[in-house]
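Trainee: Let me begin by handing over the structure; questions about it come next.
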Amino acid sequence: MSEDAVRTLAASPEAVATRLASVRYVADDGLATAVFLAIRLGKPLLLEGAPGVGKTEAAKALAETLGRSLVRLQCYEGIDAAHALYEWNYQRQLLAIRQAGEREIDIYDDRFLTARPLLQILKAPNDNVLLVDEIDRSDHEFEALLLEFLSDFQISIPERGTIRAAAQPIVILTSNRTRDLAEALRRRCVYHWIAYPEPTREAAIIMMRAGDVAELTARAVARAVRNIRGRPLAKPPGIAEAVEWAYAATILEKGGSPWPEAFRRAIGVLIKDEEDLSYLASEISGIVEEALA
Amino acid sequence: MSKGVVLHALGASAPLPQAAELFVGFGRLLRLYGYPVASDQVMAFMEGVTLLGPRSIEDIREAALATLAPSPDRRDEFEALFRSHFFDDFVAPVEGDNEEETRVKDDGGQRKDQTRTLRLEEGGALSSSAEHLTIRTFDMDGEDGELLRFRRALASCLPVRRTFRTVRTPSRGSVDLRRSLWAIVRADGDVPRLPLRRRQSVVRKVLLLIDVSGSMKLHTKDYLKAAHAVAQATNRAEIFTFGTRLTRITPSLRIRDRDHALASAANRVDDWDGGTRIGTTLLAFLSVPRFAAFARGAAIVILSDALERGDHTEMETAMHRLGKRSFRLSLCTPLAGDPRFRPETAALRAILPVLDDLVDGSSIAGLTNFILSLGRPIPRAEAIWRRP
């Protein structure tokens, strides 16, 4: 069943875009093409972009269209093989040894093996999609480990031998580009840079995601957010913030605040930095009015 | 399927079909402009084009972007090259503003080799007494000797932090279950000696921001020499210069030979001895996510007189942001070499509360001694300078 899902999804870039739209993810042509190529070429997909442009959401949407579950590996500085590949459950092993007494026991049995994300995906490549999130946070050693995994899709466990993936797993890597990734890693992947969407596309995303937001509101929010992103802020608002802003403003408006006022009062869900707030304080009315016009 | 066809087409025996030559040629063109393009990427590009149809030139462009993976900084240049190759549109491509890291790294390696062979020849050709002489001059030359000592001492003096990663340790740590289990299996139910693990320490990042404006003219050369020593001593250092614009010179300073390194850095920087826009350039630094992430948890040393022309609110904002991100924010100013110096300009007074250190940067000795003390706790700048 899953094989069929992959085949129908990866019929053409347009099919990818339609299927992603059916799970409420609006993909542009570049992303649809990248997903299509990644699946058909059997390569991992590397998504880069500013925080909050929907990299992780893309992976979730892809897993949902394929009817697979998402195995997520969140990277951080100092992540190592025990967190990414596998670990033995030593406590259980020790207990089992004690319990067995004189009997013989295999302490490297499956029940003592704790599978971490990379091993999980190898064991069931057709049921899972692997998401390696924020790989730029990990260090170079981990990148090297991942490189080895991504080229062969196999893991060697000294006590058990080598485990290979039965089928080509679907792997998505994301990076906020807080540092440059190794060229070798970029080379092995299909690459896509997700930029902030155009106002019309963003309005479509807001309407799709935020439930009962009027089209006019969504358009105004998209225009205002685009304007705000052009300013030198410490943390420019992402798409998720824009969606929340539109939603919060709608709720406030239903509660009795008139339009420009509702946007101003809901600003806390859009801008989450005190300095940015004070920077925008004087201009926000102008921005909102311009966007509503 | 198509993979086989393409692979066959790329084989040495069969000549490339005319159409394929266009795509392979694009890969070659990119390499010419310093893009790191591997042959399997070109193959993936051709496979991608085959898979997509291609129905239009747009398909080819998207396949190129996805498989050849140009870095976002050089995207415009990439597009220009694409147009010039596939449309015969002879617009000279814009030169990328991003430094070509790979090429610089290569140069570094080459130069390192050259200097190494040079030194070997020296040692082989010269008699032992002369060799003695060179050692002596090295020691006699105060500045070089000092920098060399600084470089050697630095690696062990930088501030450290604990990581999540653990290392084996003979004492003080938590029980290493994996090795314990092995020991139990081996010794038949007994642990002769409890193996331990402890969290590892890593050196914190060091960020040097060097002011190259006109007012710092006398000191920039010294600062660059010290920065070169830092870049050589640890690979967790980043060095930037700022004046009217911001320039990352770390790749230049990685070159081992100091004269080469400084010459390369000098070429990189465009705003020598110009005006000062400390606030604007530091904000520019913080607006690049890559750089801002580098400042997080780092020891930041700003080498500047902090004499901002005009309004200093931007500098204050930038310093506040840097101070919040950093492990330790220090300002080395050559003005502090004067015993009558007090932090009394409006700008200095405003940023003093966020500074961890405000120290003398008028000589290499003062600066290097300070950098060596980064790992040791000392009272905050405000407490020292606000003393009556």
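Convention: chains lettered A, B, ... in structure tokens order; per-chain residue numbering from 1; ligands numbered from 1 as shown.
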Which residues come within 10 Å of A:Glu241, counting only C-alpha atoms, excluding same-chain residues fewer than 4 positions away, as an mmCIF file with C-alpha atoms, in the first residue's frame?

Mentor:
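Saved file out09.cif follows:
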```cif
data_model
loop_
_atom_site.group_PDB
_atom_site.id
_atom_site.type_symbol
_atom_site.label_atom_id
_atom_site.label_comp_id
_atom_site.auth_asym_id
_atom_site.auth_seq_id
_atom_site.Cartn_x
_atom_site.Cartn_y
_atom_site.Cartn_z
ATOM 1 C CA GLY A 52 9.486 29.609 10.664
ATOM 2 C CA VAL A 53 9.146 29.105 6.910
ATOM 3 C CA ILE A 206 -3.112 31.616 6.431
ATOM 4 C CA VAL A 225 3.968 40.717 7.594
ATOM 5 C CA PRO A 236 11.570 38.427 11.791
ATOM 6 C CA PRO A 237 8.140 36.771 12.072
ATOM 7 C CA TRP A 245 -1.618 36.779 14.276
ATOM 8 C CA ALA A 246 -4.441 36.525 11.747
ATOM 9 C CA TYR A 247 -6.290 34.098 13.988
ATOM 10 C CA ILE A 267 0.900 42.007 18.037
ATOM 11 C CA GLY A 268 2.308 39.881 20.867
ATOM 12 C CA VAL A 269 1.748 36.672 18.906
ATOM 13 C CA LEU A 270 3.613 38.072 15.893
ATOM 14 C CA ILE A 271 6.622 39.810 17.438
ATOM 15 C CA LYS A 272 8.204 38.005 20.338
#
```

Trainee: What's around stretch 54-69 of chain A at 6 Å? Count only C-alpha atoms, leave out sequence neighbours fewer than 2 positions away in its own chain, and write the answer as a ChimeraX atom specification.

Mentor: /A:5,52,127-129

Trainee: When you get a sec, could you note down which chain B residues fall within 8 Å of chain A, using only C-alpha atoms, as an mmCIF file with C-alpha atoms, in the first residue's frame?

Mentor:
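Below is the file selection.cif, written as the result:
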```
data_model
loop_
_atom_site.group_PDB
_atom_site.id
_atom_site.type_symbol
_atom_site.label_atom_id
_atom_site.label_comp_id
_atom_site.auth_asym_id
_atom_site.auth_seq_id
_atom_site.Cartn_x
_atom_site.Cartn_y
_atom_site.Cartn_z
ATOM 1 C CA PRO B 36 31.974 22.768 -5.602
ATOM 2 C CA VAL B 37 30.136 20.505 -8.057
ATOM 3 C CA ALA B 38 30.820 16.770 -7.919
ATOM 4 C CA GLN B 41 25.749 15.843 -8.735
ATOM 5 C CA ALA B 44 21.783 13.548 -10.576
ATOM 6 C CA GLU B 47 18.681 12.193 -14.238
ATOM 7 C CA GLY B 48 16.457 14.854 -12.743
ATOM 8 C CA LEU B 51 12.605 12.518 -14.935
ATOM 9 C CA LEU B 52 10.969 15.918 -15.284
ATOM 10 C CA GLU B 62 14.577 23.735 -10.908
ATOM 11 C CA ALA B 63 16.427 20.462 -11.385
ATOM 12 C CA LEU B 65 18.825 24.232 -8.218
ATOM 13 C CA ALA B 66 17.786 21.045 -6.446
ATOM 14 C CA THR B 67 20.671 18.817 -7.444
ATOM 15 C CA LEU B 68 23.623 21.197 -7.843
ATOM 16 C CA ALA B 69 22.718 22.908 -4.544
ATOM 17 C CA PRO B 72 21.796 30.729 -1.044
ATOM 18 C CA THR B 163 28.998 19.212 26.585
ATOM 19 C CA PHE B 164 26.421 16.454 26.524
ATOM 20 C CA ARG B 165 29.037 14.068 25.285
ATOM 21 C CA LEU B 177 26.796 0.982 32.062
ATOM 22 C CA ARG B 178 27.956 -0.263 28.692
ATOM 23 C CA LEU B 181 28.095 -4.894 31.341
ATOM 24 C CA LEU B 286 23.713 40.278 14.239
ATOM 25 C CA SER B 287 21.291 40.260 11.323
ATOM 26 C CA PRO B 289 21.776 34.268 11.393
ATOM 27 C CA ARG B 290 25.006 32.367 10.840
ATOM 28 C CA PHE B 291 27.092 35.027 12.520
ATOM 29 C CA ALA B 292 24.566 35.712 15.260
ATOM 30 C CA ALA B 293 24.517 32.011 16.095
ATOM 31 C CA PHE B 294 28.253 32.099 16.334
#
```

Trainee: Go through A:Ser22, A:Ala167, A:Leu280, A:Leu130 and flag the residue nearest A:Asn227, using only C-alpha atoms for the distances.

Mentor: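 Nearest to A:Asn227: A:Leu280.
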
Trainee: Which residues are near B:Thr280? Cut-off 8 Å, only C-alpha atoms, ignore same chain within fewer than 4 positions. Put them as a list in words.

Mentor: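 Once the nearby chain positions are removed, what remains is Ala284, Glu314 and Met315 of chain B.
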
Trainee: Could you give me the residues within stretch 114-182 of chain A that DSSP places in alpha helix (DSSP H), as a list of chain:residue names?

Mentor: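 Reading the DSSP output for stretch 114-182 of chain A, alpha helix (DSSP H) covers A:Pro117, A:Leu118, A:Leu119, A:Gln120, A:Ile121, A:Leu122, A:Lys123, A:His140, A:Glu141, A:Phe142, A:Glu143, A:Ala144, A:Leu145, A:Leu146, A:Leu147, A:Glu148, A:Phe149, A:Leu150, A:Ser151, A:Asp152.
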
Trainee: Near B:Leu29, counting only C-alpha atoms, which residues have an atom at most 12 Å away, once you skip same-chain residues fewer than 3 positions from it, shown as number ranges by chain?

Mentor: B: 21-26, 32-37, 42, 78, 80-86, 93

Trainee: Please provide the set of residues having any atom within 7 Å of A:Ala165, restricted to only C-alpha atoms, with same-chain residues fewer than 5 positions apart removed, written as a list of chain:residue names.

Mentor: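 After dropping sequence-adjacent residues, the list is A:Leu122, A:Lys123, A:Pro125, A:Phe153, A:Gln154.
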